$ cat entry_35.txt   # compact mmCIF, C-alpha atoms
# COMPACT_ATOMS: atom_id res chain seq x y z
CA MET C 139 92.77 34.67 97.56
CA ALA C 140 89.50 34.97 95.61
CA ILE C 141 87.39 34.55 98.76
CA LYS C 142 89.59 36.59 101.07
CA SER C 143 89.85 39.43 98.58
CA ARG C 144 86.11 40.04 98.97
CA GLU C 145 86.35 40.44 102.74
CA MET C 146 86.20 43.96 104.15
CA ILE C 147 88.91 44.59 106.74
CA ARG C 148 88.48 47.57 109.07
CA GLN C 149 91.47 49.30 110.64
CA THR C 150 92.04 52.53 112.56
CA VAL C 151 94.89 54.72 111.33
CA ALA C 152 96.03 57.57 113.58
CA VAL C 153 97.06 60.96 112.20
CA ASP C 154 98.49 62.69 115.26
CA ASP C 155 95.72 62.23 117.85
CA ARG C 156 92.96 61.86 115.26
CA ASP C 157 91.71 58.38 114.43
CA TYR C 158 90.56 57.65 110.88
CA CYS C 159 88.62 54.49 110.17
CA CYS C 160 89.91 52.78 107.01
CA TYR C 161 88.47 49.83 105.07
CA PHE C 162 90.45 47.42 102.90
CA LYS C 163 89.38 44.91 100.25
CA GLY C 164 91.08 43.10 97.40
CA ASN C 165 94.66 41.95 97.03
CA ARG C 166 96.59 43.01 100.12
CA SER C 167 99.75 41.05 99.26
CA GLU C 168 103.13 42.55 98.39
CA GLY C 169 102.63 41.21 94.87
CA ARG C 170 99.53 43.33 94.19
CA LYS C 171 99.58 45.43 91.05
CA ALA C 172 98.72 48.74 92.73
CA ASP C 173 96.33 50.46 95.13
CA ILE C 174 93.06 52.29 94.53
CA LEU C 175 92.19 54.89 97.16
CA PHE C 176 88.53 55.96 97.18
CA PHE C 177 87.36 59.36 98.45
CA ASN C 178 83.63 59.27 99.10
CA GLY C 179 81.28 62.22 99.01
CA LEU C 180 79.75 63.65 102.16
CA PHE C 181 77.17 61.70 104.18
CA SER C 182 78.03 58.23 102.81
CA GLY C 183 81.11 56.10 103.35
CA ALA C 184 82.49 52.86 101.95
CA SER C 185 79.01 51.76 100.88
CA ALA C 186 79.08 54.45 98.16
CA TRP C 187 81.65 52.28 96.34
CA ALA C 188 79.81 48.97 96.71
CA TYR C 189 79.53 48.44 92.94
CA GLN C 190 83.19 49.25 92.31
CA THR C 191 84.63 47.19 95.16
CA ARG C 192 82.94 44.04 93.85
CA ILE C 193 84.63 44.10 90.44
CA PRO C 194 86.58 40.81 90.14
CA ALA C 195 89.51 42.27 88.20
CA LEU C 196 90.05 44.97 90.82
CA LEU C 197 89.71 42.55 93.72
CA ARG C 198 92.26 40.26 92.11
CA ASP C 199 94.96 42.78 91.29
CA PHE C 200 94.50 45.81 93.55
CA ARG C 201 94.29 46.76 97.20
CA LEU C 202 91.07 48.80 97.50
CA ILE C 203 91.03 51.37 100.29
CA MET C 204 88.23 53.56 101.63
CA PHE C 205 88.09 55.77 104.73
CA ASP C 206 85.57 57.72 106.80
CA TYR C 207 85.86 61.49 107.00
CA PRO C 208 85.94 63.23 110.39
CA SER C 209 82.55 63.27 112.17
CA GLN C 210 81.23 60.48 109.94
CA GLY C 211 81.15 56.73 110.24
CA ASN C 212 83.73 55.42 112.66
CA SER C 213 86.31 58.21 112.40
CA PHE C 214 86.83 60.81 115.15
CA ALA C 215 84.30 63.58 115.76
CA MET C 216 85.44 66.90 114.29
CA ARG C 217 85.07 69.87 116.60
CA GLY C 218 85.97 73.56 116.55
CA SER C 219 89.73 73.16 116.52
CA MET C 220 89.99 71.74 113.00
CA ARG C 221 90.00 73.76 109.74
CA ALA C 222 89.39 72.80 106.10
CA ASP C 223 93.13 72.95 105.35
CA ASP C 224 93.72 70.52 108.21
CA LEU C 225 91.35 68.05 106.57
CA VAL C 226 93.36 68.17 103.34
CA ASP C 227 96.63 67.84 105.28
CA ASP C 228 95.23 64.87 107.20
CA ALA C 229 94.17 63.17 103.96
CA VAL C 230 97.72 63.65 102.63
CA ARG C 231 99.29 62.20 105.77
CA LEU C 232 96.81 59.34 105.80
CA ALA C 233 97.71 58.53 102.19
CA GLN C 234 101.39 58.58 103.11
CA GLN C 235 100.88 56.27 106.09
CA LEU C 236 98.99 53.80 103.93
CA GLU C 237 102.19 53.37 101.85
CA LEU C 238 100.29 53.43 98.59
CA LYS C 239 101.69 51.49 95.67
CA ARG C 240 101.38 53.21 92.25
CA PRO C 241 97.93 54.45 93.27
CA LEU C 242 94.84 55.44 91.38
CA LEU C 243 92.71 57.99 93.27
CA VAL C 244 88.94 57.79 92.78
CA GLY C 245 86.66 60.46 94.25
CA HIS C 246 83.00 61.38 94.32
CA SER C 247 81.63 64.94 94.69
CA PHE C 248 83.59 66.67 97.49
CA GLY C 249 85.82 63.58 97.52
CA GLY C 250 86.74 64.18 93.88
CA LEU C 251 88.05 67.65 94.63
CA LEU C 252 89.79 66.30 97.74
CA ALA C 253 91.52 63.60 95.67
CA GLY C 254 92.82 66.28 93.32
CA LEU C 255 93.98 68.48 96.20
CA VAL C 256 95.81 65.52 97.74
CA ALA C 257 97.56 64.73 94.45
CA GLY C 258 98.56 68.37 94.02
CA HIS C 259 99.62 68.93 97.64
CA PRO C 260 103.24 70.15 97.97
CA ASP C 261 104.18 67.25 100.28
CA ILE C 262 102.87 64.69 97.80
CA GLN C 263 104.52 66.49 94.90
CA ALA C 264 107.84 66.48 96.73
CA ASP C 265 107.74 62.86 97.86
CA TRP C 266 105.85 60.69 95.37
CA ALA C 267 103.87 62.66 92.80
CA GLY C 268 105.25 60.39 90.07
CA ASP C 269 103.83 57.35 91.81
CA ILE C 270 100.21 58.53 91.34
CA ARG C 271 99.04 56.88 88.13
CA GLY C 272 95.74 58.69 87.69
CA ILE C 273 92.58 60.23 89.15
CA VAL C 274 88.91 59.51 88.44
CA ILE C 275 86.36 62.06 89.63
CA ALA C 276 82.60 61.45 89.62
CA ASN C 277 80.19 64.39 89.99
CA GLY C 278 82.97 66.77 91.04
CA SER C 279 83.23 70.55 90.95
CA LEU C 280 85.58 73.43 91.74
CA ARG C 281 82.74 75.55 93.10
CA SER C 282 79.15 75.25 94.30
CA PRO C 283 76.15 76.83 92.59
CA ARG C 284 74.28 79.23 94.86
CA GLY C 285 71.37 76.82 95.15
CA THR C 286 73.66 73.99 96.24
CA ASP C 287 75.25 76.20 98.90
CA MET C 288 71.80 77.12 100.20
CA LEU C 289 70.80 73.45 100.30
CA PHE C 290 73.87 72.42 102.28
CA TRP C 291 73.57 75.34 104.68
CA GLU C 292 69.99 74.22 105.34
CA ILE C 293 71.18 70.66 106.00
CA GLN C 294 73.88 72.08 108.29
CA ARG C 295 71.27 74.11 110.18
CA ARG C 296 68.99 71.12 110.67
CA LEU C 297 71.84 68.87 111.84
CA ALA C 298 72.98 71.51 114.33
CA LEU C 299 69.44 71.77 115.72
CA ILE C 300 69.21 68.00 116.11
CA GLY C 301 72.55 67.94 117.91
CA ALA C 302 71.50 70.72 120.26
CA ARG C 303 68.36 68.89 121.38
CA GLY C 304 70.23 66.20 123.25
CA ALA C 305 67.58 63.64 122.33
CA ASP C 306 68.03 59.90 122.74
CA ALA C 307 69.62 57.82 119.98
CA GLU C 308 66.33 56.61 118.49
CA GLU C 309 64.79 60.09 118.23
CA THR C 310 68.05 61.48 116.83
CA ALA C 311 68.17 58.76 114.18
CA GLU C 312 64.59 59.50 113.08
CA ALA C 313 65.35 63.22 112.80
CA ILE C 314 68.43 62.50 110.67
CA LYS C 315 66.36 60.23 108.42
CA ASP C 316 63.95 63.11 107.84
CA ILE C 317 66.83 65.23 106.53
CA PHE C 318 67.78 62.58 104.00
CA ARG C 319 64.16 62.02 102.96
CA PHE C 320 64.28 65.69 101.97
CA PHE C 321 67.79 65.40 100.45
CA MET C 322 67.56 62.27 98.27
CA PRO C 323 65.01 63.51 95.67
CA ILE C 324 67.27 66.51 95.02
CA VAL C 325 70.41 64.40 94.64
CA LEU C 326 69.23 61.33 92.75
CA ASP C 327 67.75 60.89 89.28
CA ASP C 328 64.03 60.00 89.13
CA GLU C 329 64.75 56.61 87.58
CA TYR C 330 67.03 55.61 90.45
CA LEU C 331 64.60 56.95 93.05
CA ALA C 332 61.98 54.57 91.66
CA PHE C 333 64.52 51.72 91.79
CA ILE C 334 65.32 52.23 95.50
CA GLU C 335 61.71 52.59 96.61
CA GLY C 336 61.63 49.04 97.97
CA PHE C 337 64.66 49.46 100.23
CA GLU C 338 64.47 53.16 101.02
CA ALA C 339 64.01 52.42 104.74
CA ASP C 340 67.28 50.50 104.87
CA LEU C 341 69.07 53.27 102.97
CA LEU C 342 67.78 55.93 105.35
CA ALA C 343 68.86 53.81 108.32
CA SER C 344 72.38 53.61 106.88
CA TYR C 345 72.50 57.41 106.47
CA ALA C 346 71.35 57.86 110.07
CA ASP C 347 73.99 55.47 111.36
CA TYR C 348 76.82 56.97 109.31
CA ASN C 349 75.91 60.52 110.44
CA ARG C 350 74.93 59.57 113.99
CA ASP C 351 76.69 62.56 115.63
CA PRO C 352 74.69 65.41 114.03
CA ALA C 353 76.48 68.20 115.94
CA ALA C 354 79.86 66.97 114.68
CA VAL C 355 78.62 66.55 111.09
CA ALA C 356 77.15 70.06 111.30
CA TRP C 357 80.56 71.42 112.29
CA LEU C 358 82.25 69.59 109.41
CA LEU C 359 79.73 71.06 106.96
CA LYS C 360 80.19 74.56 108.42
CA VAL C 361 83.97 74.37 107.97
CA LEU C 362 83.69 73.13 104.39
CA LEU C 363 81.00 75.62 103.36
CA GLU C 364 82.97 78.53 104.76
CA ASN C 365 85.99 77.50 102.67
CA ASN C 366 84.43 76.32 99.41
CA LYS C 367 85.07 79.61 97.58
CA ASN C 368 88.87 79.33 97.57
CA ILE C 369 88.78 78.71 93.82
CA ASP C 370 92.17 80.23 93.02
CA SER C 371 93.83 78.13 95.71
CA PHE C 372 92.11 74.97 94.43
CA LYS C 373 93.25 75.69 90.85
CA GLN C 374 96.82 76.33 91.96
CA SER C 375 96.94 72.92 93.60
CA LEU C 376 95.22 71.07 90.74
CA THR C 377 97.55 72.53 88.09
CA ARG C 378 100.44 70.73 89.82
CA VAL C 379 98.80 67.37 89.04
CA GLN C 380 100.51 65.81 86.00
CA CYS C 381 98.92 62.34 85.92
CA PRO C 382 95.94 61.55 83.61
CA VAL C 383 92.55 62.56 85.03
CA ARG C 384 89.03 61.51 84.06
CA VAL C 385 86.08 63.61 85.17
CA ILE C 386 82.65 62.00 84.81
CA ALA C 387 79.47 64.04 85.23
CA GLY C 388 75.87 62.95 85.66
CA GLY C 389 73.61 64.24 82.92
CA ASN C 390 70.90 65.14 85.46
CA ASP C 391 73.13 66.22 88.36
CA LYS C 392 71.29 68.98 90.25
CA ILE C 393 74.06 69.53 92.81
CA PHE C 394 76.94 70.10 90.35
CA PRO C 395 75.45 70.42 86.83
CA ILE C 396 77.50 69.40 83.79
CA ALA C 397 79.11 72.83 83.31
CA PHE C 398 80.65 72.62 86.78
CA GLY C 399 82.22 69.25 86.06
CA ARG C 400 83.59 70.57 82.78
CA GLU C 401 85.12 73.54 84.60
CA LEU C 402 86.81 71.19 87.06
CA ALA C 403 88.22 69.14 84.19
CA THR C 404 89.91 72.22 82.69
CA ALA C 405 91.86 72.80 85.92
CA PHE C 406 94.02 69.71 85.31
CA ALA C 407 96.84 69.42 82.80
CA THR C 408 95.63 66.16 81.22
CA THR C 409 91.92 65.42 81.43
CA GLU C 410 89.15 63.54 79.69
CA PHE C 411 85.59 64.66 80.41
CA SER C 412 82.51 62.46 79.99
CA VAL C 413 78.80 62.75 80.70
CA VAL C 414 76.69 59.78 81.75
CA GLU C 415 73.03 60.30 80.94
CA ASN C 416 70.17 59.30 83.23
CA ALA C 417 72.30 59.86 86.33
CA GLY C 418 72.05 62.44 89.08
CA HIS C 419 74.69 63.23 91.69
CA SER C 420 75.80 59.61 92.31
CA VAL C 421 76.75 58.36 88.86
CA MET C 422 78.87 55.49 90.24
CA ILE C 423 75.72 54.09 91.90
CA GLU C 424 72.89 55.18 89.63
CA GLN C 425 74.61 54.08 86.40
CA ASN C 426 77.19 51.78 87.93
CA LYS C 427 77.68 49.54 84.88
CA ILE C 428 78.53 52.50 82.65
CA PHE C 429 80.74 54.06 85.33
CA ASN C 430 82.52 50.75 85.88
CA ARG C 431 83.32 50.51 82.17
CA HIS C 432 84.84 54.00 82.33
CA LEU C 433 86.81 53.00 85.43
CA LEU C 434 88.10 49.71 84.01
CA ASP C 435 89.04 51.28 80.68
CA PHE C 436 91.02 53.90 82.57
CA VAL C 437 92.67 51.30 84.79
CA GLU C 438 93.69 49.31 81.71
CA SER C 439 95.19 52.42 80.12
CA LEU C 440 97.17 53.24 83.27
CA TYR C 441 98.49 49.74 83.89
CA ARG C 442 98.50 48.53 80.27
CA ASN C 443 101.91 46.84 80.53
CA GLU C 444 100.44 44.19 82.77
CA HIS C 445 97.52 41.89 82.05
CA MET C 446 94.22 43.43 83.06
CA ALA C 447 90.80 41.90 82.45
CA ALA C 448 89.29 45.26 81.55
CA ASN C 449 86.11 43.74 80.17
CA GLU C 450 85.05 42.37 83.56
CA THR C 451 82.13 44.04 85.28
CA ALA C 452 80.83 43.91 88.83
CA ALA C 453 79.71 40.51 90.08
$ encode --input "entry_35.txt" --output "structure tokens"
Amino acid sequence: MAIKSREMIRQTVAVDDRDYCCYFKGNRSEGRKADILFFNGLFSGASAWAYQTRIPALLRDFRLIMFDYPSQGNSFAMRGSMRADDLVDDAVRLAQQLELKRPLLVGHSFGGLLAGLVAGHPDIQADWAGDIRGIVIANGSLRSPRGTDMLFWEIQRRLALIGARGADAEETAEAIKDIFRFFMPIVLDDEYLAFIEGFEADLLASYADYNRDPAAVAWLLKVLLENNKNIDSFKQSLTRVQCPVRVIAGGNDKIFPIAFGRELATAFATTEFSVVENAGHSVMIEQNKIFNRHLLDFVESLYRNEHMAANETAA
């Protein structure tokens, strides 16, 4: 079990005629303690949770699940017929099809809000709201600062231009890398940027591969940006969530500064809010040891009636 639990299993799950690529690690037996469903931020998939999906205690006791959003990774390419509400509905139906066991939802950035919207969705509330044990949100927000909106609209514009060129795969990949060369210094803390300097080329290549259909990614961004001001609707959904929630902000997050994470935390009925210093917009990567302690402490509090090695950290 110890060796197999570290293997990543890939599986396609269909929601109507839309194929979502899902990834599984950890304990996939009927005797597992529970499931942890990860919601990544935009532009990066399962790799965003590399430090969390190596934690021995989680691999031993939990089924760990990640999935690619439309237009990204190995999921279907989103086109003009899909709306933002459809994306939330699909995430709900995907969660239902995965037959989650006493799940913990863990989300980053946009994925953090999506995790909350899934937990507060009327279908989830009607069927198995009580089964959701908790939610952890890293670098999340209810709304975008004007500067962040402008940044993402610029990324959307550049991706759309790349898609319209009809260039070959190699030229397209290089153009996508240029976008993320521009994006990373805005998103990441200076200390972490220095750390990744030696493998920046590999990181850019992974971004280019994960976002290899720029026209489709541009459409996804357009749909989300046009619907990211539905604050009252978001709050209405989040207030239905009754499980414990932890919101963790990066002290140097330039995309969603601390005040935006604190505002998100107040939308839930039961929330703890924490700030991790020396972290930008990817706290679970940049300060993974601190984030993992938060995560494991929360897991222990949710499943405290069963043995949990909460002091274990990533291998």
$ closest_atom_pairs --input "entry_35.txt" --of "segment 213-302 of chain C" --to "segment 423-436 of chain C" --cutoff "12 Å" --atoms "only C-alpha atoms" --output "CSV"
residue,atom,partner,partner_atom,distance
C:Leu242,CA,C:Phe436,CA,9.7
C:Leu243,CA,C:Leu433,CA,11.0
C:Val244,CA,C:Leu433,CA,9.0
C:Gly245,CA,C:Leu433,CA,11.6
C:His246,CA,C:Ile423,CA,10.6
C:Arg271,CA,C:Phe436,CA,10.2
C:Gly272,CA,C:Phe436,CA,8.5
C:Ile273,CA,C:Phe436,CA,9.3
C:Val274,CA,C:Leu433,CA,7.5
C:Ile275,CA,C:Leu433,CA,10.0
C:Ala276,CA,C:Phe429,CA,8.7
C:Asn277,CA,C:Phe429,CA,11.3
$ residues_near_point --input "entry_35.txt" --point "(90.8, 61.8, 84.2)" --cutoff "9 Å" --atoms "only C-alpha atoms" --output "mmCIF file with C-alpha atoms, in the coordinates of the input"
data_model
loop_
_atom_site.group_PDB
_atom_site.id
_atom_site.type_symbol
_atom_site.label_atom_id
_atom_site.label_comp_id
_atom_site.auth_asym_id
_atom_site.auth_seq_id
_atom_site.Cartn_x
_atom_site.Cartn_y
_atom_site.Cartn_z
ATOM 1 C CA GLY C 272 95.740 58.690 87.690
ATOM 2 C CA ILE C 273 92.580 60.230 89.150
ATOM 3 C CA VAL C 274 88.910 59.510 88.440
ATOM 4 C CA ILE C 275 86.360 62.060 89.630
ATOM 5 C CA CYS C 381 98.920 62.340 85.920
ATOM 6 C CA PRO C 382 95.940 61.550 83.610
ATOM 7 C CA VAL C 383 92.550 62.560 85.030
ATOM 8 C CA ARG C 384 89.030 61.510 84.060
ATOM 9 C CA VAL C 385 86.080 63.610 85.170
ATOM 10 C CA ILE C 386 82.650 62.000 84.810
ATOM 11 C CA ALA C 403 88.220 69.140 84.190
ATOM 12 C CA PHE C 406 94.020 69.710 85.310
ATOM 13 C CA THR C 408 95.630 66.160 81.220
ATOM 14 C CA THR C 409 91.920 65.420 81.430
ATOM 15 C CA GLU C 410 89.150 63.540 79.690
ATOM 16 C CA PHE C 411 85.590 64.660 80.410
ATOM 17 C CA PHE C 436 91.020 53.900 82.570
#
$ closest_atom_pairs --input "entry_35.txt" --of "segment 309-340 of chain C" --to "segment 172-196 of chain C" --cutoff "12 Å" --atoms "only C-alpha atoms" --output "JSON lines"
{"residue": "C:Ile314", "atom": "CA", "partner": "C:Phe181", "partner_atom": "CA", "distance": 10.9}
{"residue": "C:Lys315", "atom": "CA", "partner": "C:Phe181", "partner_atom": "CA", "distance": 11.7}
{"residue": "C:Ile317", "atom": "CA", "partner": "C:Phe181", "partner_atom": "CA", "distance": 11.2}
{"residue": "C:Phe318", "atom": "CA", "partner": "C:Phe181", "partner_atom": "CA", "distance": 9.4}
{"residue": "C:Phe321", "atom": "CA", "partner": "C:Phe181", "partner_atom": "CA", "distance": 10.8}
{"residue": "C:Met322", "atom": "CA", "partner": "C:Phe181", "partner_atom": "CA", "distance": 11.3}
{"residue": "C:Val325", "atom": "CA", "partner": "C:Gly179", "partner_atom": "CA", "distance": 11.9}
$ write_last_selection --input "entry_35.txt" --atoms "C-alpha atoms" --output "short mmCIF file (atom, residue, chain, number, x, y, z; two decimals), keeping the file's coordinate frame"
data_model
loop_
_atom_site.label_atom_id
_atom_site.label_comp_id
_atom_site.auth_asym_id
_atom_site.auth_seq_id
_atom_site.Cartn_x
_atom_site.Cartn_y
_atom_site.Cartn_z
CA ILE C 314 68.43 62.50 110.67
CA LYS C 315 66.36 60.23 108.42
CA ILE C 317 66.83 65.23 106.53
CA PHE C 318 67.78 62.58 104.00
CA PHE C 321 67.79 65.40 100.45
CA MET C 322 67.56 62.27 98.27
CA VAL C 325 70.41 64.40 94.64
#
$ closest_residue --input "entry_35.txt" --among "C:Trp266, C:Phe162, C:Tyr345, C:Phe398" --to "Ser279 of chain C" --atoms "all atoms listed in the file"
C:Phe398
$ atom_distance --input "entry_35.txt" --atom1 "atom CA of Asp199 of chain C" --atom2 "atom CA of Gln234 of chain C"
20.8 Å
$ atom_distance --input "entry_35.txt" --atom1 "atom CA of Glu145 of chain C" --atom2 "atom CA of Asp340 of chain C"
21.7 Å
$ atom_distance --input "entry_35.txt" --atom1 "atom CA of Glu292 of chain C" --atom2 "atom CA of Gly418 of chain C"
20.2 Å
$ closest_residue --input "entry_35.txt" --among "C:Leu342, C:Ala405, C:Leu289, C:Leu232" --to "Phe372 of chain C" --atoms "only C-alpha atoms"
C:Ala405
$ closest_residue --input "entry_35.txt" --among "C:Gly249, C:Gly304, C:Gly388, C:Pro283" --to "Phe205 of chain C" --atoms "all atoms listed in the file"
C:Gly249
$ closest_residue --input "entry_35.txt" --among "C:Arg217, C:Arg296, C:Arg303, C:Arg284" --to "Trp357 of chain C" --atoms "all atoms listed in the file"
C:Arg217
$ residues_around --input "entry_35.txt" --residues "Val256 of chain C" --least-positions-apart "6" --cutoff "7 Å" --atoms "all atoms listed in the file" --output "tab-separated table (two decimals) with C-alpha atoms, keeping the file's coordinate frame"
chain	number	residue	atom	x	y	z
C	226	VAL	CA	93.36	68.17	103.34
C	229	ALA	CA	94.17	63.17	103.96
C	230	VAL	CA	97.72	63.65	102.63
$ closest_residue --input "entry_35.txt" --among "C:Ala298, C:Ser247, C:Gln210, C:Leu376" --to "Ala346 of chain C" --atoms "only C-alpha atoms"
C:Gln210
$ closest_residue --input "entry_35.txt" --among "C:Leu440, C:Ile334, C:Cys160, C:Ile369" --to "Ser213 of chain C" --atoms "only C-alpha atoms"
C:Cys160
$ residues_around --input "entry_35.txt" --residues "Leu225 of chain C" --least-positions-apart "2" --cutoff "10 Å" --atoms "all atoms listed in the file" --output "short mmCIF file (atom, residue, chain, number, x, y, z; two decimals) with C-alpha atoms, keeping the file's coordinate frame"
data_model
loop_
_atom_site.label_atom_id
_atom_site.label_comp_id
_atom_site.auth_asym_id
_atom_site.auth_seq_id
_atom_site.Cartn_x
_atom_site.Cartn_y
_atom_site.Cartn_z
CA TYR C 207 85.86 61.49 107.00
CA PRO C 208 85.94 63.23 110.39
CA MET C 216 85.44 66.90 114.29
CA MET C 220 89.99 71.74 113.00
CA ARG C 221 90.00 73.76 109.74
CA ALA C 222 89.39 72.80 106.10
CA ASP C 223 93.13 72.95 105.35
CA ASP C 227 96.63 67.84 105.28
CA ASP C 228 95.23 64.87 107.20
CA ALA C 229 94.17 63.17 103.96
CA VAL C 230 97.72 63.65 102.63
CA ARG C 231 99.29 62.20 105.77
CA LEU C 252 89.79 66.30 97.74
CA LEU C 358 82.25 69.59 109.41
CA VAL C 361 83.97 74.37 107.97
CA LEU C 362 83.69 73.13 104.39
#
$ build_atoms --input "entry_35.txt" --residues "segment 277-293 of chain C" --atoms "N, CA and C atoms" --output "PDB file, in the frame of the given file"
ATOM      1  N   ASN C 277      81.066  63.329  89.473  1.00  0.00           N
ATOM      2  CA  ASN C 277      80.190  64.390  89.990  1.00  0.00           C
ATOM      3  C   ASN C 277      80.967  65.429  90.799  1.00  0.00           C
ATOM      4  N   GLY C 278      82.146  65.809  90.324  1.00  0.00           N
ATOM      5  CA  GLY C 278      82.970  66.770  91.040  1.00  0.00           C
ATOM      6  C   GLY C 278      82.783  68.195  90.547  1.00  0.00           C
ATOM      7  N   SER C 279      83.334  69.146  91.320  1.00  0.00           N
ATOM      8  CA  SER C 279      83.230  70.550  90.950  1.00  0.00           C
ATOM      9  C   SER C 279      84.292  71.357  91.684  1.00  0.00           C
ATOM     10  N   LEU C 280      84.703  72.462  91.076  1.00  0.00           N
ATOM     11  CA  LEU C 280      85.580  73.430  91.740  1.00  0.00           C
ATOM     12  C   LEU C 280      84.815  74.360  92.655  1.00  0.00           C
ATOM     13  N   ARG C 281      83.548  74.574  92.366  1.00  0.00           N
ATOM     14  CA  ARG C 281      82.740  75.550  93.100  1.00  0.00           C
ATOM     15  C   ARG C 281      81.319  75.026  93.239  1.00  0.00           C
ATOM     16  N   SER C 282      80.547  75.647  94.112  1.00  0.00           N
ATOM     17  CA  SER C 282      79.150  75.250  94.300  1.00  0.00           C
ATOM     18  C   SER C 282      78.221  76.290  93.708  1.00  0.00           C
ATOM     19  N   PRO C 283      77.185  75.877  92.980  1.00  0.00           N
ATOM     20  CA  PRO C 283      76.150  76.830  92.590  1.00  0.00           C
ATOM     21  C   PRO C 283      75.482  77.408  93.835  1.00  0.00           C
ATOM     22  N   ARG C 284      74.912  78.577  93.710  1.00  0.00           N
ATOM     23  CA  ARG C 284      74.280  79.230  94.860  1.00  0.00           C
ATOM     24  C   ARG C 284      73.196  78.330  95.473  1.00  0.00           C
ATOM     25  N   GLY C 285      72.428  77.673  94.636  1.00  0.00           N
ATOM     26  CA  GLY C 285      71.370  76.820  95.150  1.00  0.00           C
ATOM     27  C   GLY C 285      71.908  75.648  95.951  1.00  0.00           C
ATOM     28  N   THR C 286      73.048  75.099  95.515  1.00  0.00           N
ATOM     29  CA  THR C 286      73.660  73.990  96.240  1.00  0.00           C
ATOM     30  C   THR C 286      74.187  74.467  97.591  1.00  0.00           C
ATOM     31  N   ASP C 287      74.808  75.645  97.618  1.00  0.00           N
ATOM     32  CA  ASP C 287      75.250  76.200  98.900  1.00  0.00           C
ATOM     33  C   ASP C 287      74.073  76.375  99.856  1.00  0.00           C
ATOM     34  N   MET C 288      72.979  76.902  99.350  1.00  0.00           N
ATOM     35  CA  MET C 288      71.800  77.120 100.200  1.00  0.00           C
ATOM     36  C   MET C 288      71.267  75.798 100.729  1.00  0.00           C
ATOM     37  N   LEU C 289      71.258  74.772  99.876  1.00  0.00           N
ATOM     38  CA  LEU C 289      70.800  73.450 100.300  1.00  0.00           C
ATOM     39  C   LEU C 289      71.666  72.905 101.421  1.00  0.00           C
ATOM     40  N   PHE C 290      72.989  72.988 101.262  1.00  0.00           N
ATOM     41  CA  PHE C 290      73.870  72.420 102.280  1.00  0.00           C
ATOM     42  C   PHE C 290      73.885  73.241 103.562  1.00  0.00           C
ATOM     43  N   TRP C 291      73.708  74.551 103.455  1.00  0.00           N
ATOM     44  CA  TRP C 291      73.570  75.340 104.680  1.00  0.00           C
ATOM     45  C   TRP C 291      72.287  74.963 105.417  1.00  0.00           C
ATOM     46  N   GLU C 292      71.232  74.647 104.686  1.00  0.00           N
ATOM     47  CA  GLU C 292      69.990  74.220 105.340  1.00  0.00           C
ATOM     48  C   GLU C 292      70.182  72.865 106.026  1.00  0.00           C
ATOM     49  N   ILE C 293      70.887  71.945 105.369  1.00  0.00           N
ATOM     50  CA  ILE C 293      71.180  70.660 106.000  1.00  0.00           C
ATOM     51  C   ILE C 293      72.034  70.876 107.241  1.00  0.00           C
TER      52      ILE C 293
END
